[in-house]
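Here is the file input.pdb (PDB, C-alpha atoms).
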```
ATOM      1  CA  MET L   1       4.856   0.199 -32.019  1.00  0.00           C
ATOM      2  CA  SER L   2       2.441  -1.399 -29.577  1.00  0.00           C
ATOM      3  CA  THR L   3       0.264   0.882 -27.476  1.00  0.00           C
ATOM      4  CA  THR L   4      -2.159  -0.327 -24.860  1.00  0.00           C
ATOM      5  CA  ASN L   5      -5.743   0.819 -24.718  1.00  0.00           C
ATOM      6  CA  LEU L   6      -5.721   3.846 -22.419  1.00  0.00           C
ATOM      7  CA  SER L   7      -9.317   3.111 -21.417  1.00  0.00           C
ATOM      8  CA  ALA L   8      -8.712  -0.492 -20.348  1.00  0.00           C
ATOM      9  CA  TYR L   9      -8.390  -1.010 -16.607  1.00  0.00           C
ATOM     10  CA  ASN L  10      -9.705  -3.120 -13.763  1.00  0.00           C
ATOM     11  CA  SER L  11     -12.505  -0.968 -12.335  1.00  0.00           C
ATOM     12  CA  GLU L  12     -12.495  -2.966  -9.089  1.00  0.00           C
ATOM     13  CA  SER L  13      -9.061  -1.530  -8.260  1.00  0.00           C
ATOM     14  CA  ILE L  14     -10.264   2.084  -8.490  1.00  0.00           C
ATOM     15  CA  PRO L  15     -11.148   3.849  -5.222  1.00  0.00           C
ATOM     16  CA  ASP L  16     -14.602   5.370  -4.763  1.00  0.00           C
ATOM     17  CA  ALA L  17     -14.679   9.006  -5.883  1.00  0.00           C
ATOM     18  CA  LYS L  18     -17.968   9.888  -4.155  1.00  0.00           C
ATOM     19  CA  LYS L  19     -16.336  12.161  -1.574  1.00  0.00           C
ATOM     20  CA  MET L  20     -13.639  13.660  -3.807  1.00  0.00           C
ATOM     21  CA  ARG L  21     -13.597  16.972  -5.685  1.00  0.00           C
ATOM     22  CA  PHE L  22     -11.795  17.404  -8.987  1.00  0.00           C
ATOM     23  CA  GLY L  23     -10.758  20.278 -11.166  1.00  0.00           C
ATOM     24  CA  ILE L  24     -10.328  19.855 -14.896  1.00  0.00           C
ATOM     25  CA  VAL L  25      -8.582  22.385 -17.080  1.00  0.00           C
ATOM     26  CA  VAL L  26      -8.836  21.727 -20.811  1.00  0.00           C
ATOM     27  CA  SER L  27      -7.178  23.532 -23.689  1.00  0.00           C
ATOM     28  CA  ASP L  28      -9.416  24.856 -26.472  1.00  0.00           C
ATOM     29  CA  TRP L  29      -6.558  24.363 -28.949  1.00  0.00           C
ATOM     30  CA  ASN L  30      -7.139  21.182 -31.013  1.00  0.00           C
ATOM     31  CA  SER L  31     -10.642  21.186 -29.532  1.00  0.00           C
ATOM     32  CA  GLU L  32     -11.878  18.174 -31.507  1.00  0.00           C
ATOM     33  CA  ILE L  33      -9.294  16.173 -29.584  1.00  0.00           C
ATOM     34  CA  THR L  34      -9.326  17.967 -26.226  1.00  0.00           C
ATOM     35  CA  TRP L  35     -13.099  17.930 -25.832  1.00  0.00           C
ATOM     36  CA  SER L  36     -13.019  14.169 -26.459  1.00  0.00           C
ATOM     37  CA  LEU L  37     -10.420  13.895 -23.691  1.00  0.00           C
ATOM     38  CA  LEU L  38     -12.696  15.937 -21.440  1.00  0.00           C
ATOM     39  CA  GLU L  39     -15.648  13.683 -22.229  1.00  0.00           C
ATOM     40  CA  GLY L  40     -13.559  10.629 -21.333  1.00  0.00           C
ATOM     41  CA  ALA L  41     -12.404  12.153 -18.053  1.00  0.00           C
ATOM     42  CA  VAL L  42     -15.891  13.236 -16.975  1.00  0.00           C
ATOM     43  CA  THR L  43     -17.448   9.896 -17.929  1.00  0.00           C
ATOM     44  CA  THR L  44     -14.806   8.058 -15.900  1.00  0.00           C
ATOM     45  CA  LEU L  45     -15.189  10.309 -12.860  1.00  0.00           C
ATOM     46  CA  LYS L  46     -18.953   9.729 -12.928  1.00  0.00           C
ATOM     47  CA  LYS L  47     -18.473   5.983 -13.390  1.00  0.00           C
ATOM     48  CA  HIS L  48     -16.533   5.943 -10.131  1.00  0.00           C
ATOM     49  CA  GLY L  49     -19.012   7.932  -8.086  1.00  0.00           C
ATOM     50  CA  ALA L  50     -18.347  11.624  -8.734  1.00  0.00           C
ATOM     51  CA  THR L  51     -21.405  13.781  -9.391  1.00  0.00           C
ATOM     52  CA  GLU L  52     -21.548  17.006 -11.408  1.00  0.00           C
ATOM     53  CA  LYS L  53     -21.142  18.946  -8.160  1.00  0.00           C
ATOM     54  CA  GLN L  54     -17.807  17.217  -7.518  1.00  0.00           C
ATOM     55  CA  TYR L  55     -15.913  18.301 -10.607  1.00  0.00           C
ATOM     56  CA  TYR L  56     -15.216  21.781 -11.849  1.00  0.00           C
ATOM     57  CA  CYS L  57     -14.237  22.271 -15.522  1.00  0.00           C
ATOM     58  CA  LYS L  58     -12.593  25.323 -17.036  1.00  0.00           C
ATOM     59  CA  ALA L  59     -11.294  25.865 -20.559  1.00  0.00           C
ATOM     60  CA  CYS L  60      -8.163  27.824 -21.404  1.00  0.00           C
ATOM     61  CA  THR L  61      -7.056  29.152 -24.765  1.00  0.00           C
ATOM     62  CA  GLY L  62      -3.992  27.048 -25.500  1.00  0.00           C
ATOM     63  CA  LYS L  63      -1.684  24.321 -24.289  1.00  0.00           C
ATOM     64  CA  PHE L  64       0.841  26.635 -22.687  1.00  0.00           C
ATOM     65  CA  GLU L  65      -1.940  28.220 -20.619  1.00  0.00           C
ATOM     66  CA  ILE L  66      -2.952  24.897 -19.046  1.00  0.00           C
ATOM     67  CA  THR L  67      -0.441  25.359 -16.237  1.00  0.00           C
ATOM     68  CA  LEU L  68      -1.774  28.743 -15.150  1.00  0.00           C
ATOM     69  CA  GLY L  69      -5.372  27.553 -15.524  1.00  0.00           C
ATOM     70  CA  ALA L  70      -4.576  24.622 -13.245  1.00  0.00           C
ATOM     71  CA  GLN L  71      -2.935  26.969 -10.739  1.00  0.00           C
ATOM     72  CA  PHE L  72      -6.052  29.174 -10.730  1.00  0.00           C
ATOM     73  CA  LEU L  73      -8.185  26.109  -9.934  1.00  0.00           C
ATOM     74  CA  ALA L  74      -5.850  25.134  -7.103  1.00  0.00           C
ATOM     75  CA  GLU L  75      -5.936  28.606  -5.593  1.00  0.00           C
ATOM     76  CA  TYR L  76      -9.660  29.301  -5.856  1.00  0.00           C
ATOM     77  CA  GLU L  77     -11.315  25.892  -5.428  1.00  0.00           C
ATOM     78  CA  ASP L  78     -11.059  23.247  -2.702  1.00  0.00           C
ATOM     79  CA  LEU L  79     -10.022  20.246  -4.823  1.00  0.00           C
ATOM     80  CA  ASP L  80      -8.505  16.811  -4.265  1.00  0.00           C
ATOM     81  CA  ALA L  81      -6.850  16.627  -7.705  1.00  0.00           C
ATOM     82  CA  ILE L  82      -6.624  18.636 -10.909  1.00  0.00           C
ATOM     83  CA  ILE L  83      -6.678  17.012 -14.339  1.00  0.00           C
ATOM     84  CA  CYS L  84      -4.818  18.906 -17.078  1.00  0.00           C
ATOM     85  CA  LEU L  85      -5.996  18.053 -20.610  1.00  0.00           C
ATOM     86  CA  GLY L  86      -4.548  19.191 -23.904  1.00  0.00           C
ATOM     87  CA  CYS L  87      -3.080  18.095 -27.207  1.00  0.00           C
ATOM     88  CA  VAL L  88       0.120  19.179 -28.935  1.00  0.00           C
ATOM     89  CA  ILE L  89       0.682  17.915 -32.484  1.00  0.00           C
ATOM     90  CA  GLN L  90       4.170  18.221 -33.909  1.00  0.00           C
ATOM     91  CA  GLY L  91       4.595  20.662 -36.758  1.00  0.00           C
ATOM     92  CA  GLU L  92       7.512  21.818 -38.852  1.00  0.00           C
ATOM     93  CA  THR L  93       9.053  24.152 -36.242  1.00  0.00           C
ATOM     94  CA  PRO L  94      10.571  23.698 -32.750  1.00  0.00           C
ATOM     95  CA  HIS L  95       7.371  25.185 -31.261  1.00  0.00           C
ATOM     96  CA  PHE L  96       6.191  21.631 -30.437  1.00  0.00           C
ATOM     97  CA  THR L  97       9.272  20.974 -28.296  1.00  0.00           C
ATOM     98  CA  PHE L  98       9.064  24.275 -26.434  1.00  0.00           C
ATOM     99  CA  ILE L  99       5.356  23.904 -25.653  1.00  0.00           C
ATOM    100  CA  CYS L 100       5.703  20.257 -24.558  1.00  0.00           C
ATOM    101  CA  GLN L 101       8.650  21.076 -22.298  1.00  0.00           C
ATOM    102  CA  GLY L 102       6.953  24.141 -20.834  1.00  0.00           C
ATOM    103  CA  VAL L 103       3.685  22.376 -20.027  1.00  0.00           C
ATOM    104  CA  THR L 104       5.446  19.305 -18.640  1.00  0.00           C
ATOM    105  CA  GLN L 105       7.723  21.389 -16.420  1.00  0.00           C
ATOM    106  CA  GLY L 106       4.840  23.630 -15.378  1.00  0.00           C
ATOM    107  CA  ILE L 107       2.618  20.742 -14.296  1.00  0.00           C
ATOM    108  CA  THR L 108       5.542  19.104 -12.504  1.00  0.00           C
ATOM    109  CA  GLN L 109       6.219  22.352 -10.662  1.00  0.00           C
ATOM    110  CA  LEU L 110       2.558  22.619  -9.608  1.00  0.00           C
ATOM    111  CA  ASN L 111       2.765  19.095  -8.180  1.00  0.00           C
ATOM    112  CA  MET L 112       5.716  20.172  -6.070  1.00  0.00           C
ATOM    113  CA  GLU L 113       4.299  23.535  -4.913  1.00  0.00           C
ATOM    114  CA  TYR L 114       0.721  22.597  -4.026  1.00  0.00           C
ATOM    115  CA  ASN L 115      -0.461  19.863  -1.745  1.00  0.00           C
ATOM    116  CA  ILE L 116      -2.689  18.189  -4.336  1.00  0.00           C
ATOM    117  CA  PRO L 117      -1.989  16.064  -7.423  1.00  0.00           C
ATOM    118  CA  PHE L 118      -1.948  17.689 -10.862  1.00  0.00           C
ATOM    119  CA  ILE L 119      -2.476  15.029 -13.514  1.00  0.00           C
ATOM    120  CA  PHE L 120      -0.732  15.250 -16.895  1.00  0.00           C
ATOM    121  CA  GLY L 121      -3.375  14.409 -19.506  1.00  0.00           C
ATOM    122  CA  VAL L 122      -1.718  16.218 -22.396  1.00  0.00           C
ATOM    123  CA  LEU L 123      -1.229  14.313 -25.627  1.00  0.00           C
ATOM    124  CA  THR L 124       2.097  14.982 -27.346  1.00  0.00           C
ATOM    125  CA  THR L 125       1.723  13.376 -30.748  1.00  0.00           C
ATOM    126  CA  LEU L 126       3.510  13.382 -34.062  1.00  0.00           C
ATOM    127  CA  ASN L 127       0.332  13.756 -36.135  1.00  0.00           C
ATOM    128  CA  GLN L 128      -3.446  14.174 -36.064  1.00  0.00           C
ATOM    129  CA  GLN L 129      -4.081  10.430 -36.411  1.00  0.00           C
ATOM    130  CA  GLN L 130      -2.068   9.618 -33.294  1.00  0.00           C
ATOM    131  CA  ALA L 131      -4.066  12.229 -31.388  1.00  0.00           C
ATOM    132  CA  THR L 132      -7.377  10.852 -32.659  1.00  0.00           C
ATOM    133  CA  ASP L 133      -6.308   7.304 -31.763  1.00  0.00           C
ATOM    134  CA  ARG L 134      -5.697   8.432 -28.145  1.00  0.00           C
ATOM    135  CA  ALA L 135      -8.812  10.587 -27.752  1.00  0.00           C
ATOM    136  CA  GLY L 136     -11.435   7.878 -28.059  1.00  0.00           C
ATOM    137  CA  GLY L 137      -9.946   6.020 -31.026  1.00  0.00           C
ATOM    138  CA  LYS L 138      -8.234   2.666 -31.301  1.00  0.00           C
ATOM    139  CA  HIS L 139      -5.967   3.314 -28.300  1.00  0.00           C
ATOM    140  CA  GLY L 140      -8.803   4.414 -26.012  1.00  0.00           C
ATOM    141  CA  ASN L 141      -9.026   7.802 -24.350  1.00  0.00           C
ATOM    142  CA  LYS L 142      -6.219   9.492 -22.400  1.00  0.00           C
ATOM    143  CA  GLY L 143      -8.973  11.405 -20.556  1.00  0.00           C
ATOM    144  CA  ASP L 144     -10.072   8.109 -18.978  1.00  0.00           C
ATOM    145  CA  GLU L 145      -6.517   7.402 -17.881  1.00  0.00           C
ATOM    146  CA  ALA L 146      -6.102  10.914 -16.457  1.00  0.00           C
ATOM    147  CA  ALA L 147      -9.315  10.596 -14.425  1.00  0.00           C
ATOM    148  CA  ILE L 148      -8.269   7.201 -13.044  1.00  0.00           C
ATOM    149  CA  THR L 149      -4.896   8.643 -12.082  1.00  0.00           C
ATOM    150  CA  ALA L 150      -6.599  11.611 -10.370  1.00  0.00           C
ATOM    151  CA  ILE L 151      -8.842   9.313  -8.331  1.00  0.00           C
ATOM    152  CA  LYS L 152      -5.961   7.048  -7.338  1.00  0.00           C
ATOM    153  CA  MET L 153      -3.643   9.899  -6.401  1.00  0.00           C
ATOM    154  CA  ALA L 154      -6.340  11.672  -4.367  1.00  0.00           C
ATOM    155  CA  ALA L 155      -7.018   8.393  -2.544  1.00  0.00           C
ATOM    156  CA  LEU L 156      -3.286   7.881  -1.950  1.00  0.00           C
ATOM    157  CA  GLN L 157      -2.964  11.334  -0.439  1.00  0.00           C
ATOM    158  CA  ARG L 158      -5.952  10.728   1.846  1.00  0.00           C
ATOM    159  CA  GLU L 159      -4.498   7.387   2.925  1.00  0.00           C
ATOM    160  CA  ILE L 160      -1.136   8.920   3.767  1.00  0.00           C
ATOM    161  CA  GLU L 161      -2.662  11.888   5.596  1.00  0.00           C
ATOM    162  CA  LYS L 162      -4.620   9.647   7.986  1.00  0.00           C
TER     163      LYS L 162
END
```
Structure encoded using structure tokens:
Amino acid sequence: MSTTNLSAYNSESIPDAKKMRFGIVVSDWNSEITWSLLEGAVTTLKKHGATEKQYYCKACTGKFEITLGAQFLAEYEDLDAIICLGCVIQGETPHFTFICQGVTQGITQLNMEYNIPFIFGVLTTLNQQQATDRAGGKHGNKGDEAAITAIKMAALQREIEK
């Protein structure tokens, strides 16, 4: 299976994030992976002009709680986009499927109910190695990709609202 590097992109095509505000909700579960995703997202936001005053990070206990954490950010902060970061690694029970479906549906619902983009930066992997490979490993960092998507979607919304 061929997977592209999640951190590879043409930086010239990314809008300036200097006047944007971002929320980031990150799951503490699988923290060695999720905190690497967070580091990637923050580094990318800064690379494109965001300062520490322009992003607001909050941790939540698990993957399922990401949706409510993101909703809290949307309701209590004035943000242009919210990045949702987490990692679900398949185990021996159907728990993996239920959590992945719940978080995916929850983030999709937030996109429909609020007037800002919620970015899906949740890894859904079959094993620890796949997660590591996508959190700063050989396939780059999904946090980078989530931050780029947040910047682009916030810029798209601003463009359309003009």
For this session: List the residues selected by the PyMOL selection byres ((chain L and resi 17) around 7) in the file shown, writing them as a ChimeraX atom specification.
Result: /L:15-16,18-20,48-50,151
Exercise. Which residues come within 10 Å of region 53-66 of chain L, counting all atoms listed in the file, excluding same-chain residues fewer than 2 positions away, as a PyMOL selection string?
Worked result: chain L and resi 17-31+34-35+38+42+45-46+49-51+68-73+77+79-88+98-104+106-107+122
For this session: Identify which of the residues L:Asn115, L:Asn127, L:Ser11, L:Thr149 lies closest to Lys47 (chain L), counting all atoms listed in the file when measuring atom-to-atom distances.
Result: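 The answer is L:Ser11, which sits nearest to Lys47 (chain L).
What the PyMOL selection byres ((chain L and resi 132-146) around 6) matches in the given file is L:Asn5, L:Leu6, L:Ser7, L:Ile33, L:Ser36, L:Leu37, L:Leu38, L:Gly40, L:Ala41, L:Thr44, L:Gly121, L:Gln129, L:Gln130, L:Ala131, L:Ala147, L:Ile148, L:Thr149.
The interatomic distance for the pair CA of Ile160 (chain L) and CA of Pro117 (chain L) works out to 13.3 Å.
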Problem set entry | Pairwise distance for CA of Glu39 (chain L) and CA of Met153 (chain L), rounded to one decimal in Å | 20.2 Å
Exercise. How many Å lie between CA of Ser13 (chain L) and CA of Leu156 (chain L), rounded to one decimal?
Worked result: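 Atom-to-atom, CA of Ser13 (chain L) to CA of Leu156 (chain L), that is 12.7 Å.
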Size and centre in Å, one decimal, axis-aligned box, all listed region 22-39 of chain L atoms plus 5 Å per side, as AutoDock Vina command-line options:
```
--center_x -11.1 --center_y 19.3 --center_z -20.2 --size_x 19.1 --size_y 21.2 --size_z 32.5
```
Exercise. Of the candidates L:Gln157, L:Gln109, L:Gln90, L:Thr97, which shows the shortest atom-to-atom distance to Thr125 (chain L), using only C-alpha atoms?
Worked result: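 Ranked by minimum distance to Thr125 (chain L), first place goes to L:Gln90.
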